[in-house]
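S.K.: Data: final.cif, mmCIF, C-alpha atoms, pLDDT in the B column; chains and numbers go by the auth columns.
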data_target
#
loop_
_atom_site.group_PDB
_atom_site.id
_atom_site.type_symbol
_atom_site.label_atom_id
_atom_site.label_comp_id
_atom_site.label_asym_id
_atom_site.label_seq_id
_atom_site.Cartn_x
_atom_site.Cartn_y
_atom_site.Cartn_z
_atom_site.B_iso_or_equiv
_atom_site.auth_seq_id
_atom_site.auth_asym_id
ATOM 1 C CA MET A 1 138.779 115.629 156.776 37.00 130 A
ATOM 2 C CA ASN A 2 137.410 112.960 154.428 48.00 131 A
ATOM 3 C CA ILE A 3 139.949 111.824 151.834 58.00 132 A
ATOM 4 C CA GLN A 4 138.364 110.061 148.868 81.00 133 A
ATOM 5 C CA PRO A 5 140.181 107.126 147.263 89.00 134 A
ATOM 6 C CA VAL A 6 141.497 107.555 143.733 92.00 135 A
ATOM 7 C CA LEU A 7 140.453 104.932 141.180 96.00 136 A
ATOM 8 C CA LEU A 8 141.907 103.829 137.843 97.00 137 A
ATOM 9 C CA TYR A 9 139.479 102.053 135.511 97.00 138 A
ATOM 10 C CA VAL A 10 140.945 100.348 132.418 97.00 139 A
ATOM 11 C CA GLU A 11 138.593 98.982 129.750 96.00 140 A
ATOM 12 C CA ASP A 12 139.002 98.792 125.981 95.00 141 A
ATOM 13 C CA GLU A 13 135.303 98.552 125.089 93.00 142 A
ATOM 14 C CA GLU A 14 134.081 102.141 124.860 94.00 143 A
ATOM 15 C CA ASN A 15 130.415 101.471 125.745 93.00 144 A
ATOM 16 C CA ILE A 16 131.329 99.514 128.880 92.00 145 A
ATOM 17 C CA ARG A 17 133.959 102.098 129.854 93.00 146 A
ATOM 18 C CA GLU A 18 131.566 105.027 129.554 94.00 147 A
ATOM 19 C CA GLU A 19 128.783 103.253 131.460 93.00 148 A
ATOM 20 C CA MET A 20 131.121 102.197 134.279 93.00 149 A
ATOM 21 C CA ILE A 21 132.642 105.682 134.548 94.00 150 A
ATOM 22 C CA GLU A 22 129.173 107.133 135.153 93.00 151 A
ATOM 23 C CA ILE A 23 128.531 104.565 137.892 93.00 152 A
ATOM 24 C CA LEU A 24 131.965 104.865 139.524 93.00 153 A
ATOM 25 C CA GLU A 25 131.895 108.674 139.538 91.00 154 A
ATOM 26 C CA LEU A 26 128.832 108.520 141.787 88.00 155 A
ATOM 27 C CA ASP A 27 131.066 107.174 144.580 87.00 156 A
ATOM 28 C CA PHE A 28 134.560 108.381 143.670 89.00 157 A
ATOM 29 C CA ASP A 29 135.733 111.968 143.263 85.00 158 A
ATOM 30 C CA LYS A 30 138.715 110.919 141.131 92.00 159 A
ATOM 31 C CA VAL A 31 138.287 108.259 138.432 95.00 160 A
ATOM 32 C CA HIS A 32 141.071 108.030 135.871 97.00 161 A
ATOM 33 C CA THR A 33 140.274 105.971 132.802 96.00 162 A
ATOM 34 C CA ALA A 34 142.306 104.238 130.137 97.00 163 A
ATOM 35 C CA LYS A 35 141.381 102.281 127.028 96.00 164 A
ATOM 36 C CA ASN A 36 144.271 99.788 127.175 96.00 165 A
ATOM 37 C CA GLY A 37 146.871 98.469 129.574 96.00 166 A
ATOM 38 C CA LYS A 38 149.702 100.616 128.230 97.00 167 A
ATOM 39 C CA GLU A 39 147.710 103.800 128.788 97.00 168 A
ATOM 40 C CA GLY A 40 146.588 102.429 132.156 97.00 169 A
ATOM 41 C CA LEU A 41 150.178 101.872 133.276 98.00 170 A
ATOM 42 C CA GLU A 42 151.125 105.447 132.388 98.00 171 A
ATOM 43 C CA LEU A 43 148.138 106.751 134.362 98.00 172 A
ATOM 44 C CA TYR A 44 149.032 104.478 137.284 98.00 173 A
ATOM 45 C CA LYS A 45 152.569 105.863 137.397 97.00 174 A
ATOM 46 C CA LYS A 46 151.287 109.433 137.171 97.00 175 A
ATOM 47 C CA HIS A 47 148.389 109.303 139.660 95.00 176 A
ATOM 48 C CA LYS A 48 149.203 106.372 142.012 95.00 177 A
ATOM 49 C CA PRO A 49 145.530 105.380 142.466 96.00 178 A
ATOM 50 C CA ASP A 50 144.331 103.492 145.531 95.00 179 A
ATOM 51 C CA LEU A 51 142.559 100.895 143.386 96.00 180 A
ATOM 52 C CA VAL A 52 142.869 99.589 139.822 97.00 181 A
ATOM 53 C CA ILE A 53 139.939 97.941 138.055 96.00 182 A
ATOM 54 C CA THR A 54 141.000 96.471 134.732 96.00 183 A
ATOM 55 C CA ASP A 55 139.707 94.233 131.988 94.00 184 A
ATOM 56 C CA ILE A 56 141.966 91.289 131.150 91.00 185 A
ATOM 57 C CA GLN A 57 141.816 91.129 127.359 90.00 186 A
ATOM 58 C CA MET A 58 142.841 94.457 125.826 91.00 187 A
ATOM 59 C CA PRO A 59 145.085 95.695 123.025 90.00 188 A
ATOM 60 C CA LEU A 60 148.673 96.911 123.506 92.00 189 A
ATOM 61 C CA MET A 61 148.927 95.466 127.039 93.00 190 A
ATOM 62 C CA ASP A 62 146.505 93.033 128.645 93.00 191 A
ATOM 63 C CA GLY A 63 145.186 93.357 132.181 93.00 192 A
ATOM 64 C CA LEU A 64 147.393 90.611 133.602 93.00 193 A
ATOM 65 C CA THR A 65 150.536 92.275 132.258 95.00 194 A
ATOM 66 C CA LEU A 66 149.282 95.616 133.576 97.00 195 A
ATOM 67 C CA SER A 67 148.695 93.997 136.967 96.00 196 A
ATOM 68 C CA LYS A 68 152.223 92.548 137.023 96.00 197 A
ATOM 69 C CA GLU A 69 153.672 95.962 136.197 97.00 198 A
ATOM 70 C CA VAL A 70 151.590 97.710 138.855 97.00 199 A
ATOM 71 C CA LEU A 71 152.546 95.090 141.455 96.00 200 A
ATOM 72 C CA SER A 72 156.229 95.527 140.572 96.00 201 A
ATOM 73 C CA ILE A 73 155.821 99.225 141.427 96.00 202 A
ATOM 74 C CA LYS A 74 153.648 98.671 144.499 95.00 203 A
ATOM 75 C CA PRO A 75 153.538 95.050 145.739 94.00 204 A
ATOM 76 C CA ASP A 76 150.446 95.636 147.889 93.00 205 A
ATOM 77 C CA ALA A 77 148.456 97.410 145.137 95.00 206 A
ATOM 78 C CA LYS A 78 144.723 96.718 145.119 96.00 207 A
ATOM 79 C CA ILE A 79 143.607 95.344 141.750 96.00 208 A
ATOM 80 C CA ILE A 80 140.253 94.020 140.580 95.00 209 A
ATOM 81 C CA LEU A 81 140.271 92.159 137.264 93.00 210 A
ATOM 82 C CA THR A 82 137.209 91.833 135.040 91.00 211 A
ATOM 83 C CA SER A 83 136.663 89.543 132.066 85.00 212 A
ATOM 84 C CA ALA A 84 133.939 88.275 129.795 81.00 213 A
ATOM 85 C CA PHE A 85 135.901 85.037 129.578 75.00 214 A
ATOM 86 C CA ASN A 86 135.792 82.530 132.415 68.00 215 A
ATOM 87 C CA GLU A 87 139.013 80.742 131.566 63.00 216 A
ATOM 88 C CA ASN A 88 140.735 78.660 134.216 68.00 217 A
ATOM 89 C CA SER A 89 144.146 79.624 132.802 70.00 218 A
ATOM 90 C CA TYR A 90 143.584 83.115 134.179 74.00 219 A
ATOM 91 C CA ARG A 91 142.561 81.866 137.617 76.00 220 A
ATOM 92 C CA GLU A 92 145.993 80.365 138.315 77.00 221 A
ATOM 93 C CA GLN A 93 147.832 83.510 137.219 79.00 222 A
ATOM 94 C CA ILE A 94 145.444 85.681 139.228 81.00 223 A
ATOM 95 C CA GLU A 95 146.062 83.647 142.381 81.00 224 A
ATOM 96 C CA GLU A 96 149.840 83.655 141.838 82.00 225 A
ATOM 97 C CA LEU A 97 149.843 87.444 141.468 85.00 226 A
ATOM 98 C CA GLY A 98 147.702 87.930 144.573 83.00 227 A
ATOM 99 C CA ILE A 99 145.064 89.952 142.716 89.00 228 A
ATOM 100 C CA THR A 100 142.460 91.414 145.074 85.00 229 A
ATOM 101 C CA ALA A 101 139.412 90.146 143.146 90.00 230 A
ATOM 102 C CA TYR A 102 138.203 88.728 139.833 89.00 231 A
ATOM 103 C CA ILE A 103 134.739 89.565 138.479 89.00 232 A
ATOM 104 C CA ASN A 104 133.071 88.040 135.424 86.00 233 A
ATOM 105 C CA LYS A 105 131.327 90.249 132.885 86.00 234 A
ATOM 106 C CA PRO A 106 128.669 91.398 132.596 89.00 235 A
ATOM 107 C CA ILE A 107 129.688 93.142 135.804 90.00 236 A
ATOM 108 C CA ASN A 108 127.256 92.856 138.679 92.00 237 A
ATOM 109 C CA ILE A 109 127.424 96.353 140.199 92.00 238 A
ATOM 110 C CA ILE A 110 126.569 95.103 143.700 93.00 239 A
ATOM 111 C CA GLU A 111 129.377 92.543 143.539 94.00 240 A
ATOM 112 C CA LEU A 112 131.768 95.159 142.168 94.00 241 A
ATOM 113 C CA PHE A 113 131.087 97.590 145.005 93.00 242 A
ATOM 114 C CA GLU A 114 131.361 94.789 147.572 94.00 243 A
ATOM 115 C CA GLN A 115 134.824 94.001 146.192 94.00 244 A
ATOM 116 C CA ILE A 116 135.765 97.688 146.074 94.00 245 A
ATOM 117 C CA ASN A 117 134.756 98.088 149.730 92.00 246 A
ATOM 118 C CA LEU A 118 136.741 94.985 150.717 93.00 247 A
ATOM 119 C CA ALA A 119 139.793 96.214 148.818 93.00 248 A
ATOM 120 C CA LEU A 120 139.745 99.683 150.333 91.00 249 A
ATOM 121 C CA THR A 121 139.126 98.727 153.965 85.00 250 A
#
Can the structure in the file be given as structure tokens, please?

M.R.:
Amino acid sequence: MNIQPVLLYVEDEENIREEMIEILELDFDKVHTAKNGKEGLELYKKHKPDLVITDIQMPLMDGLTLSKEVLSIKPDAKIILTSAFNENSYREQIEELGITAYINKPINIIELFEQINLALT
């Protein structure tokens, strides 16, 4: 029996979200998607995914706040953050939270799947 991991992908930019969903669905049977952190948190609570990939800067709830909320529910949750901004202020918060990985945009698909494989093994 081969159980496929469940993924939650949270991204506010529609074009990026749609493109990434197509790519992620090639390797994952279940990909839940949200367009902001608030929606992402509701989907996390409902589906308890094995991995969360989220943008940092989003409306309603940013990716760092989403990550904090997810980690308060499941302290060993696997989370990969993405951002078009390479700001050092995020790096410190990311390390303090124990985030699994941080990837700069534009997302390198090879790097993303390397981090996904590391997170899920």

S.K.: Which value, in Å to one decimal, gives the distance between atom CA of Ile245 of chain A and atom CA of Glu171 of chain A?

M.R.: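 The value is 22.0 Å.
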
S.K.: Separation of atom CA of Ile152 of chain A and atom CA of Asp179 of chain A, in Å?

M.R.: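 These two atoms are separated by 17.6 Å.
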
S.K.: Would you mind telling me which residue in A:Leu155, A:Ile238, A:Val181, A:Leu189 lies nearest to Asp205 of chain A when using only C-alpha atoms?

M.R.: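 Ranking A:Leu155, A:Ile238, A:Val181, A:Leu189 by distance to Asp205 of chain A, first place goes to A:Val181.
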
S.K.: Have a look at A:Val139, A:Leu180, A:Val160, A:Ile209 and name the one nearest to Leu241 of chain A; count all atoms listed in the file.

M.R.: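 Between A:Val139, A:Leu180, A:Val160, A:Ile209, the residue approaching Leu241 of chain A most closely is A:Ile209.
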
S.K.: I'd like the contact shell of Thr183 of chain A - 10 Å cut-off, all atoms listed in the file, skipping same-chain residues fewer than 5 positions apart - returned as a ChimeraX atom specification.

M.R.: /A:137-141,162-166,169,191-193,195-196,208-212,231

S.K.: Counting only C-alpha atoms, find residues at most 8 Å from (132.5, 87.4, 136.8) (file frame) and give them as number ranges by chain.

M.R.: A: 211-213, 215, 231-237

S.K.: Report the distance between atom CA of Glu198 of chain A and atom CA of Leu226 of chain A in Å, rounded to one decimal place.

M.R.: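 Separation of atom CA of Glu198 of chain A and atom CA of Leu226 of chain A: 10.7 Å.
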
S.K.: Identify which of the residues A:Asp158, A:Glu224, A:Glu168, A:Glu148 lies closest to Val135 of chain A, counting all atoms listed in the file when measuring atom-to-atom distances.

M.R.: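 Of A:Asp158, A:Glu224, A:Glu168, A:Glu148, the one nearest Val135 of chain A is A:Asp158, counting all atoms listed in the file.
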
S.K.: Pick the closest to Gln222 of chain A from A:Lys167, A:Ile185, A:Lys159, A:Ile150: which is it, counting all atoms listed in the file?

M.R.: A:Ile185

S.K.: I'd like the box whose edges run along x, y and z of the file and which contains every listed atom of segment 183-194 of chain A, padded by 6 Å per side; could you state its centre and edge lengths in Å, one decimal, as JSON?

M.R.:
{"center_x": 145.1, "center_y": 93.8, "center_z": 128.9, "size_x": 22.8, "size_y": 18.3, "size_z": 23.7}

S.K.: Which residue is closest to Leu249 of chain A? Choose from A:Ser201, A:Leu170, A:Lys207, A:Leu153 and count all atoms listed in the file.

M.R.: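 Of the candidates, the smallest distance to Leu249 of chain A is held by A:Lys207.
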
S.K.: Pick out the closest residue to Glu143 of chain A from this set: A:Ile182, A:Met187, A:Gly227, A:Lys174. Count only C-alpha atoms.

M.R.: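 Distance minimum relative to Glu143 of chain A lands on A:Met187.
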